[in-house]
Amino acid sequence: MMGYLRTAVLMAAMTALFLGIGALLGGTGGAMVALVIALAMNAYTWWNSDRAVLRMHDARAASGPQGKALERLVHDMADRAGMPRPKVYILQNDQPNAFATGRNPENAAVAATTGLLTRLSEPEIAAVMAHELAHIRNHDTTIMTITATFAGAISMLANFALFFGNNRNNPVGIIGTLALMILAPLAAGLVQMAISRSREYEADRIGAEICGNPLWLASALERISGLAARIDNESAERNPATAHMFIVNPLHAHARDRLFSTHPDPANRIRALREMAGAQGQSGATGPWG
(Lines give C-alpha, C1' and ligand atoms only; values in the text may rest on other atoms or scores of the structure.)
Protein backbone atom coordinates (compact mmCIF):
# COMPACT_ATOMS: atom_id res chain seq x y z
CA MET A 1 0.00 0.00 0.00
CA MET A 2 2.84 2.40 0.82
CA GLY A 3 4.32 1.76 -2.62
CA TYR A 4 1.07 2.80 -4.30
CA LEU A 5 0.76 5.88 -2.05
CA ARG A 6 4.29 6.97 -2.85
CA THR A 7 3.63 6.50 -6.57
CA ALA A 8 0.45 8.60 -6.34
CA VAL A 9 2.30 11.38 -4.53
CA LEU A 10 5.12 11.38 -7.08
CA MET A 11 2.70 11.41 -10.02
CA ALA A 12 0.85 14.33 -8.44
CA ALA A 13 4.20 16.12 -8.11
CA MET A 14 4.94 15.47 -11.79
CA THR A 15 1.54 16.87 -12.81
CA ALA A 16 1.95 19.92 -10.59
CA LEU A 17 5.41 20.56 -12.01
CA PHE A 18 4.06 20.37 -15.55
CA LEU A 19 1.14 22.70 -14.90
CA GLY A 20 3.31 25.04 -12.84
CA ILE A 21 5.79 25.49 -15.67
CA GLY A 22 2.94 26.19 -18.06
CA ALA A 23 1.54 28.81 -15.67
CA LEU A 24 4.93 30.48 -15.14
CA LEU A 25 5.61 30.72 -18.83
CA GLY A 26 2.15 31.77 -19.98
CA GLY A 27 -0.06 32.46 -16.97
CA THR A 28 -3.40 30.70 -16.63
CA GLY A 29 -3.60 30.30 -20.39
CA GLY A 30 -0.20 28.63 -20.38
CA ALA A 31 -1.30 26.20 -17.71
CA MET A 32 -4.40 25.29 -19.72
CA VAL A 33 -2.37 24.83 -22.90
CA ALA A 34 0.05 22.65 -20.97
CA LEU A 35 -2.83 20.56 -19.65
CA VAL A 36 -4.31 20.08 -23.13
CA ILE A 37 -0.89 19.06 -24.48
CA ALA A 38 -0.46 16.59 -21.62
CA LEU A 39 -3.88 15.03 -22.19
CA ALA A 40 -3.30 14.72 -25.94
CA MET A 41 0.14 13.18 -25.48
CA ASN A 42 -1.17 10.72 -22.88
CA ALA A 43 -4.06 9.72 -25.14
CA TYR A 44 -1.65 9.02 -27.99
CA THR A 45 0.85 7.09 -25.90
CA TRP A 46 -1.97 5.19 -24.17
CA TRP A 47 -2.91 3.56 -27.47
CA ASN A 48 0.44 3.38 -29.23
CA SER A 49 3.24 3.05 -26.67
CA ASP A 50 3.41 -0.75 -26.72
CA ARG A 51 3.77 -1.00 -30.49
CA ALA A 52 6.23 1.89 -30.56
CA VAL A 53 8.48 0.36 -27.90
CA LEU A 54 8.45 -3.07 -29.53
CA ARG A 55 9.45 -1.47 -32.85
CA MET A 56 12.25 0.51 -31.19
CA HIS A 57 13.81 -2.72 -29.99
CA ASP A 58 13.01 -4.73 -33.13
CA ALA A 59 11.00 -7.25 -31.11
CA ARG A 60 9.65 -10.31 -32.91
CA ALA A 61 6.71 -12.47 -31.88
CA ALA A 62 7.91 -15.60 -30.07
CA SER A 63 8.40 -18.46 -32.52
CA GLY A 64 10.44 -21.61 -32.95
CA PRO A 65 11.14 -24.10 -30.15
CA GLN A 66 12.80 -21.53 -27.88
CA GLY A 67 10.10 -18.93 -28.41
CA LYS A 68 7.22 -21.35 -27.95
CA ALA A 69 8.79 -22.70 -24.75
CA LEU A 70 8.99 -19.13 -23.39
CA GLU A 71 5.40 -18.46 -24.44
CA ARG A 72 4.17 -21.58 -22.62
CA LEU A 73 6.09 -20.59 -19.50
CA VAL A 74 4.69 -17.04 -19.50
CA HIS A 75 1.13 -18.17 -20.18
CA ASP A 76 1.33 -20.84 -17.48
CA MET A 77 2.38 -18.25 -14.90
CA ALA A 78 -0.25 -15.79 -16.11
CA ASP A 79 -2.89 -18.49 -15.63
CA ARG A 80 -1.57 -19.25 -12.15
CA ALA A 81 -1.70 -15.53 -11.32
CA GLY A 82 -5.27 -15.26 -12.60
CA MET A 83 -4.46 -12.58 -15.17
CA PRO A 84 -4.85 -12.28 -18.96
CA ARG A 85 -2.17 -13.91 -21.08
CA PRO A 86 0.16 -11.27 -22.58
CA LYS A 87 1.72 -11.48 -26.01
CA VAL A 88 5.30 -12.76 -25.92
CA TYR A 89 8.18 -11.31 -27.92
CA ILE A 90 11.89 -11.98 -28.31
CA LEU A 91 14.65 -9.44 -28.89
CA GLN A 92 17.79 -10.49 -30.77
CA ASN A 93 20.17 -9.11 -28.18
CA ASP A 94 23.01 -10.81 -26.32
CA GLN A 95 22.48 -8.75 -23.15
CA PRO A 96 20.23 -10.73 -20.76
CA ASN A 97 17.23 -8.49 -20.06
CA ALA A 98 13.45 -8.23 -20.37
CA PHE A 99 10.62 -5.71 -20.23
CA ALA A 100 6.83 -5.42 -20.25
CA THR A 101 4.66 -2.93 -22.09
CA GLY A 102 0.99 -2.26 -22.83
CA ARG A 103 -1.81 0.07 -21.81
CA ASN A 104 -3.54 -2.45 -19.51
CA PRO A 105 -3.41 -6.16 -18.56
CA GLU A 106 -5.79 -7.01 -21.42
CA ASN A 107 -3.49 -5.39 -24.00
CA ALA A 108 0.01 -6.17 -22.78
CA ALA A 109 3.19 -7.80 -23.98
CA VAL A 110 6.38 -9.12 -22.43
CA ALA A 111 9.71 -9.31 -24.23
CA ALA A 112 12.89 -11.21 -23.41
CA THR A 113 16.29 -11.00 -25.07
CA THR A 114 18.00 -14.01 -26.60
CA GLY A 115 20.77 -13.39 -24.08
CA LEU A 116 18.32 -13.96 -21.24
CA LEU A 117 17.10 -17.22 -22.74
CA THR A 118 20.58 -18.63 -23.35
CA ARG A 119 22.42 -17.42 -20.24
CA LEU A 120 19.91 -18.06 -17.43
CA SER A 121 18.41 -21.25 -16.02
CA GLU A 122 14.72 -22.06 -16.47
CA PRO A 123 13.81 -21.08 -12.87
CA GLU A 124 15.66 -17.78 -13.32
CA ILE A 125 13.89 -17.12 -16.64
CA ALA A 126 10.56 -17.93 -14.97
CA ALA A 127 11.35 -15.46 -12.18
CA VAL A 128 12.27 -12.68 -14.62
CA MET A 129 9.10 -13.16 -16.63
CA ALA A 130 7.07 -13.28 -13.40
CA HIS A 131 8.56 -9.88 -12.51
CA GLU A 132 7.34 -8.54 -15.86
CA LEU A 133 3.90 -10.06 -15.29
CA ALA A 134 3.83 -8.26 -11.95
CA HIS A 135 4.43 -4.94 -13.73
CA ILE A 136 1.46 -5.68 -15.97
CA ARG A 137 -0.81 -6.72 -13.10
CA ASN A 138 0.17 -3.62 -11.12
CA HIS A 139 -0.55 -1.36 -14.14
CA ASP A 140 3.06 -0.15 -13.94
CA THR A 141 3.31 -0.12 -17.73
CA THR A 142 0.53 2.47 -17.81
CA ILE A 143 2.03 4.49 -14.94
CA MET A 144 5.47 4.65 -16.52
CA THR A 145 4.04 5.54 -19.93
CA ILE A 146 2.22 8.49 -18.40
CA THR A 147 5.21 9.68 -16.36
CA ALA A 148 7.50 9.36 -19.38
CA THR A 149 5.03 11.46 -21.37
CA PHE A 150 4.94 14.14 -18.67
CA ALA A 151 8.74 14.16 -18.43
CA GLY A 152 9.02 14.58 -22.19
CA ALA A 153 6.39 17.32 -22.21
CA ILE A 154 8.17 19.19 -19.42
CA SER A 155 11.41 19.03 -21.39
CA MET A 156 9.53 20.29 -24.45
CA LEU A 157 8.11 23.23 -22.49
CA ALA A 158 11.57 24.00 -21.15
CA ASN A 159 12.97 24.04 -24.69
CA PHE A 160 10.23 26.48 -25.69
CA ALA A 161 10.92 28.65 -22.66
CA LEU A 162 13.11 31.16 -24.49
CA PHE A 163 10.21 32.02 -26.78
CA PHE A 164 8.29 33.16 -23.70
CA GLY A 165 11.22 34.76 -21.90
CA ASN A 166 10.44 38.26 -23.11
CA ASN A 167 6.70 37.86 -22.69
CA ARG A 168 5.48 40.68 -20.43
CA ASN A 169 3.06 38.21 -18.80
CA ASN A 170 5.92 35.94 -17.88
CA PRO A 171 6.57 36.54 -14.15
CA VAL A 172 9.97 34.80 -14.00
CA GLY A 173 11.86 36.96 -16.50
CA ILE A 174 14.75 35.89 -18.70
CA ILE A 175 16.93 34.70 -15.79
CA GLY A 176 14.10 32.67 -14.34
CA THR A 177 13.33 31.26 -17.77
CA LEU A 178 16.92 30.12 -18.22
CA ALA A 179 16.77 28.49 -14.79
CA LEU A 180 13.54 26.72 -15.78
CA MET A 181 15.19 25.40 -18.94
CA ILE A 182 17.84 23.70 -16.83
CA LEU A 183 16.02 22.75 -13.65
CA ALA A 184 12.58 21.68 -14.93
CA PRO A 185 13.76 18.69 -17.03
CA LEU A 186 16.12 17.73 -14.19
CA ALA A 187 13.28 17.75 -11.65
CA ALA A 188 10.98 15.83 -14.00
CA GLY A 189 13.67 13.21 -14.59
CA LEU A 190 14.26 12.77 -10.88
CA VAL A 191 10.54 12.30 -10.19
CA GLN A 192 10.23 9.84 -13.07
CA MET A 193 13.17 7.84 -11.77
CA ALA A 194 11.80 7.83 -8.24
CA ILE A 195 8.52 6.38 -9.52
CA SER A 196 10.38 3.77 -11.56
CA ARG A 197 12.50 2.70 -8.59
CA SER A 198 9.51 2.32 -6.28
CA ARG A 199 7.64 0.20 -8.83
CA GLU A 200 10.65 -2.14 -9.25
CA TYR A 201 10.61 -3.16 -5.59
CA GLU A 202 6.89 -3.90 -5.75
CA ALA A 203 7.28 -5.90 -8.98
CA ASP A 204 10.11 -7.90 -7.36
CA ARG A 205 7.86 -8.79 -4.44
CA ILE A 206 4.84 -9.80 -6.50
CA GLY A 207 6.98 -11.46 -9.17
CA ALA A 208 8.54 -13.65 -6.50
CA GLU A 209 5.04 -14.67 -5.40
CA ILE A 210 4.00 -15.49 -8.97
CA CYS A 211 7.03 -17.67 -9.78
CA GLY A 212 7.00 -19.32 -6.35
CA ASN A 213 10.49 -18.53 -5.03
CA PRO A 214 12.17 -15.17 -4.26
CA LEU A 215 15.62 -16.76 -4.52
CA TRP A 216 15.15 -17.46 -8.22
CA LEU A 217 14.59 -13.78 -8.89
CA ALA A 218 17.49 -12.82 -6.61
CA SER A 219 19.76 -15.16 -8.56
CA ALA A 220 18.50 -13.82 -11.89
CA LEU A 221 19.06 -10.20 -10.85
CA GLU A 222 22.58 -10.99 -9.69
CA ARG A 223 23.50 -12.62 -13.00
CA ILE A 224 21.74 -10.10 -15.23
CA SER A 225 23.17 -7.03 -13.49
CA GLY A 226 26.70 -8.40 -13.78
CA LEU A 227 26.36 -9.24 -17.47
CA ALA A 228 24.45 -6.08 -18.42
CA ALA A 229 27.36 -3.94 -17.24
CA ARG A 230 29.65 -5.69 -19.74
CA ILE A 231 27.41 -6.45 -22.72
CA ASP A 232 26.08 -3.69 -24.98
CA ASN A 233 22.36 -3.25 -25.60
CA GLU A 234 22.48 -1.21 -28.78
CA SER A 235 18.73 -0.65 -29.14
CA ALA A 236 18.51 0.61 -25.55
CA GLU A 237 21.49 2.90 -26.07
CA ARG A 238 19.70 4.36 -29.10
CA ASN A 239 16.49 4.76 -27.09
CA PRO A 240 17.58 5.61 -23.51
CA ALA A 241 14.08 6.88 -22.63
CA THR A 242 12.96 3.23 -22.56
CA ALA A 243 15.66 2.12 -20.10
CA HIS A 244 13.27 2.26 -17.13
CA MET A 245 11.16 -0.51 -18.69
CA PHE A 246 13.83 -3.21 -18.42
CA ILE A 247 14.21 -5.41 -15.34
CA VAL A 248 17.83 -4.22 -15.00
CA ASN A 249 19.28 -0.98 -16.36
CA PRO A 250 20.31 -1.86 -19.95
CA LEU A 251 22.64 1.15 -20.16
CA HIS A 252 26.16 0.81 -18.88
CA ALA A 253 26.12 1.96 -15.25
CA HIS A 254 29.61 3.51 -15.42
CA ALA A 255 28.38 6.01 -18.02
CA ARG A 256 25.63 7.46 -15.83
CA ASP A 257 25.49 8.86 -12.31
CA ARG A 258 23.65 6.65 -9.82
CA LEU A 259 21.46 9.63 -8.92
CA PHE A 260 19.94 9.42 -12.38
CA SER A 261 19.58 5.65 -12.51
CA THR A 262 16.13 4.41 -13.44
CA HIS A 263 16.55 1.32 -11.24
CA PRO A 264 17.34 0.68 -7.58
CA ASP A 265 20.74 -0.75 -6.74
CA PRO A 266 20.57 -4.48 -7.66
CA ALA A 267 22.25 -5.34 -4.35
CA ASN A 268 19.35 -3.78 -2.43
CA ARG A 269 16.78 -5.64 -4.52
CA ILE A 270 18.62 -8.93 -4.06
CA ARG A 271 18.88 -8.38 -0.31
CA ALA A 272 15.13 -7.69 -0.06
CA LEU A 273 14.31 -10.86 -2.00
CA ARG A 274 16.60 -13.00 0.16
CA GLU A 275 14.99 -11.57 3.27
CA MET A 276 11.58 -12.40 1.78
CA ALA A 277 12.71 -16.00 1.12
CA GLY A 278 14.10 -16.29 4.64
CA ALA A 279 10.83 -15.10 6.14
CA GLN A 280 9.00 -17.74 4.09
CA GLY A 281 11.50 -20.47 4.93
CA GLN A 282 12.19 -21.15 1.25
CA SER A 283 15.23 -22.67 -0.44
CA GLY A 284 16.38 -22.42 -4.04
CA ALA A 285 14.82 -25.76 -5.01
CA THR A 286 11.17 -25.10 -4.26
CA GLY A 287 8.54 -24.03 -6.76
CA PRO A 288 6.79 -25.44 -9.83
CA TRP A 289 9.84 -24.94 -12.09
CA GLY A 290 12.53 -26.16 -9.67
# chains A, B, ... in the order shown; residues from 1 in each chain; ligands from 1
>>> residues_around(residues="region 200-216 of chain A", least_positions_apart="4", cutoff="8 Å", atoms="only C-alpha atoms", output="MDAnalysis selection string")
chainID A and resid 3 77 80:81 123:124 126:135 138 196 220 247 263:264 269 273:274 276:277 282:284 286:288
>>> residues_around(residues="region 230-242 of chain A", least_positions_apart="5", cutoff="7 Å", atoms="only C-alpha atoms", output="list in words")
Met56, His57, Asn93, Gln95, Pro250 and Leu251 of chain A
>>> write_last_selection(atoms="N, CA and C atoms", output="PDB file, in the first residue's frame")
ATOM      1  N   MET A  56      10.949  -0.078 -31.537  1.00  0.00           N
ATOM      2  CA  MET A  56      12.251   0.506 -31.189  1.00  0.00           C
ATOM      3  C   MET A  56      13.301  -0.571 -30.949  1.00  0.00           C
ATOM      4  N   HIS A  57      12.863  -1.665 -30.344  1.00  0.00           N
ATOM      5  CA  HIS A  57      13.812  -2.722 -29.988  1.00  0.00           C
ATOM      6  C   HIS A  57      13.750  -3.918 -30.943  1.00  0.00           C
ATOM      7  N   ASN A  93      19.235  -9.935 -28.940  1.00  0.00           N
ATOM      8  CA  ASN A  93      20.171  -9.107 -28.182  1.00  0.00           C
ATOM      9  C   ASN A  93      20.901 -10.002 -27.189  1.00  0.00           C
ATOM     10  N   GLN A  95      22.567  -9.170 -24.552  1.00  0.00           N
ATOM     11  CA  GLN A  95      22.482  -8.754 -23.154  1.00  0.00           C
ATOM     12  C   GLN A  95      21.251  -9.406 -22.512  1.00  0.00           C
ATOM     13  N   PRO A 250      19.594  -1.336 -18.786  1.00  0.00           N
ATOM     14  CA  PRO A 250      20.312  -1.861 -19.951  1.00  0.00           C
ATOM     15  C   PRO A 250      21.477  -0.989 -20.381  1.00  0.00           C
ATOM     16  N   LEU A 251      21.563   0.228 -19.828  1.00  0.00           N
ATOM     17  CA  LEU A 251      22.641   1.149 -20.163  1.00  0.00           C
ATOM     18  C   LEU A 251      23.802   0.920 -19.223  1.00  0.00           C
TER      19      LEU A 251
END
>>> closest_residue(among="A:Ser49, A:Ala218, A:Ile143, A:Ile154", to="Ile21 (chain A)", atoms="only C-alpha atoms")
A:Ile154
>>> residues_around(residues="Gln92 (chain A)", least_positions_apart="3", cutoff="9 Å", atoms="only C-alpha atoms", output="CSV table (one decimal) with N, CA and C atoms, in the first residue's frame")
chain,number,residue,atom,x,y,z
A,57,HIS,N,12.9,-1.7,-30.3
A,57,HIS,CA,13.8,-2.7,-30.0
A,57,HIS,C,13.7,-3.9,-30.9
A,58,ASP,N,13.1,-3.7,-32.1
A,58,ASP,CA,13.0,-4.7,-33.1
A,58,ASP,C,12.6,-6.1,-32.6
A,59,ALA,N,11.5,-6.0,-31.7
A,59,ALA,CA,11.0,-7.2,-31.1
A,59,ALA,C,10.2,-8.1,-32.1
A,60,ARG,N,10.3,-9.4,-32.0
A,60,ARG,CA,9.6,-10.3,-32.9
A,60,ARG,C,8.8,-11.2,-32.1
A,112,ALA,N,11.6,-10.7,-24.0
A,112,ALA,CA,12.9,-11.2,-23.4
A,112,ALA,C,14.0,-11.2,-24.5
A,113,THR,N,15.2,-11.0,-24.1
A,113,THR,CA,16.3,-11.0,-25.1
A,113,THR,C,16.8,-12.4,-25.2
A,114,THR,N,17.4,-12.7,-26.4
A,114,THR,CA,18.0,-14.0,-26.6
A,114,THR,C,19.1,-14.3,-25.6
A,115,GLY,N,19.8,-13.2,-25.1
A,115,GLY,CA,20.8,-13.4,-24.1
A,115,GLY,C,20.2,-13.9,-22.8
>>> atom_distance(atom1="CA of Ala272 (chain A)", atom2="CA of Val74 (chain A)")
24.0 Å
>>> atom_distance(atom1="CA of Arg199 (chain A)", atom2="CA of Leu91 (chain A)")
23.3 Å
>>> atom_distance(atom1="CA of Pro86 (chain A)", atom2="CA of Ala109 (chain A)")
4.8 Å
>>> closest_residue(among="A:Pro266, A:Gly281, A:Gly82, A:Gly102", to="Arg51 (chain A)", atoms="only C-alpha atoms")
A:Gly102
>>> residues_around(residues="Asn107 (chain A)", least_positions_apart="3", cutoff="10 Å", atoms="only C-alpha atoms", output="list in words")
Trp47, Asp50, Pro84, Arg85, Pro86, Lys87, Thr101, Gly102, Arg103, Asn104 and Ile136 of chain A
>>> write_last_selection(atoms="N, CA and C atoms", output="PDB file, in the first residue's frame")
ATOM      1  N   TRP A  47      -2.530   4.513 -26.430  1.00  0.00           N
ATOM      2  CA  TRP A  47      -2.912   3.562 -27.469  1.00  0.00           C
ATOM      3  C   TRP A  47      -1.736   3.022 -28.260  1.00  0.00           C
ATOM      4  N   ASP A  50       2.911   0.615 -26.662  1.00  0.00           N
ATOM      5  CA  ASP A  50       3.409  -0.752 -26.717  1.00  0.00           C
ATOM      6  C   ASP A  50       3.995  -1.077 -28.087  1.00  0.00           C
ATOM      7  N   PRO A  84      -4.840 -11.997 -17.519  1.00  0.00           N
ATOM      8  CA  PRO A  84      -4.846 -12.280 -18.960  1.00  0.00           C
ATOM      9  C   PRO A  84      -3.461 -12.663 -19.468  1.00  0.00           C
ATOM     10  N   ARG A  85      -3.447 -13.509 -20.485  1.00  0.00           N
ATOM     11  CA  ARG A  85      -2.168 -13.907 -21.080  1.00  0.00           C
ATOM     12  C   ARG A  85      -1.629 -12.791 -21.973  1.00  0.00           C
ATOM     13  N   PRO A  86      -0.413 -12.310 -21.715  1.00  0.00           N
ATOM     14  CA  PRO A  86       0.157 -11.268 -22.581  1.00  0.00           C
ATOM     15  C   PRO A  86       0.752 -11.883 -23.843  1.00  0.00           C
ATOM     16  N   LYS A  87       0.967 -11.049 -24.839  1.00  0.00           N
ATOM     17  CA  LYS A  87       1.722 -11.483 -26.011  1.00  0.00           C
ATOM     18  C   LYS A  87       3.197 -11.604 -25.608  1.00  0.00           C
ATOM     19  N   THR A 101       5.264  -4.138 -21.570  1.00  0.00           N
ATOM     20  CA  THR A 101       4.660  -2.929 -22.093  1.00  0.00           C
ATOM     21  C   THR A 101       3.175  -3.184 -22.344  1.00  0.00           C
ATOM     22  N   GLY A 102       2.420  -2.119 -22.576  1.00  0.00           N
ATOM     23  CA  GLY A 102       0.995  -2.264 -22.830  1.00  0.00           C
ATOM     24  C   GLY A 102       0.165  -1.318 -21.983  1.00  0.00           C
ATOM     25  N   ARG A 103      -1.007  -0.931 -22.506  1.00  0.00           N
ATOM     26  CA  ARG A 103      -1.809   0.069 -21.812  1.00  0.00           C
ATOM     27  C   ARG A 103      -2.611  -0.508 -20.657  1.00  0.00           C
ATOM     28  N   ASN A 104      -2.817  -1.811 -20.613  1.00  0.00           N
ATOM     29  CA  ASN A 104      -3.538  -2.453 -19.512  1.00  0.00           C
ATOM     30  C   ASN A 104      -3.289  -3.955 -19.582  1.00  0.00           C
ATOM     31  N   ILE A 136       2.721  -5.765 -15.230  1.00  0.00           N
ATOM     32  CA  ILE A 136       1.459  -5.675 -15.968  1.00  0.00           C
ATOM     33  C   ILE A 136       0.281  -5.684 -14.997  1.00  0.00           C
TER      34      ILE A 136
END
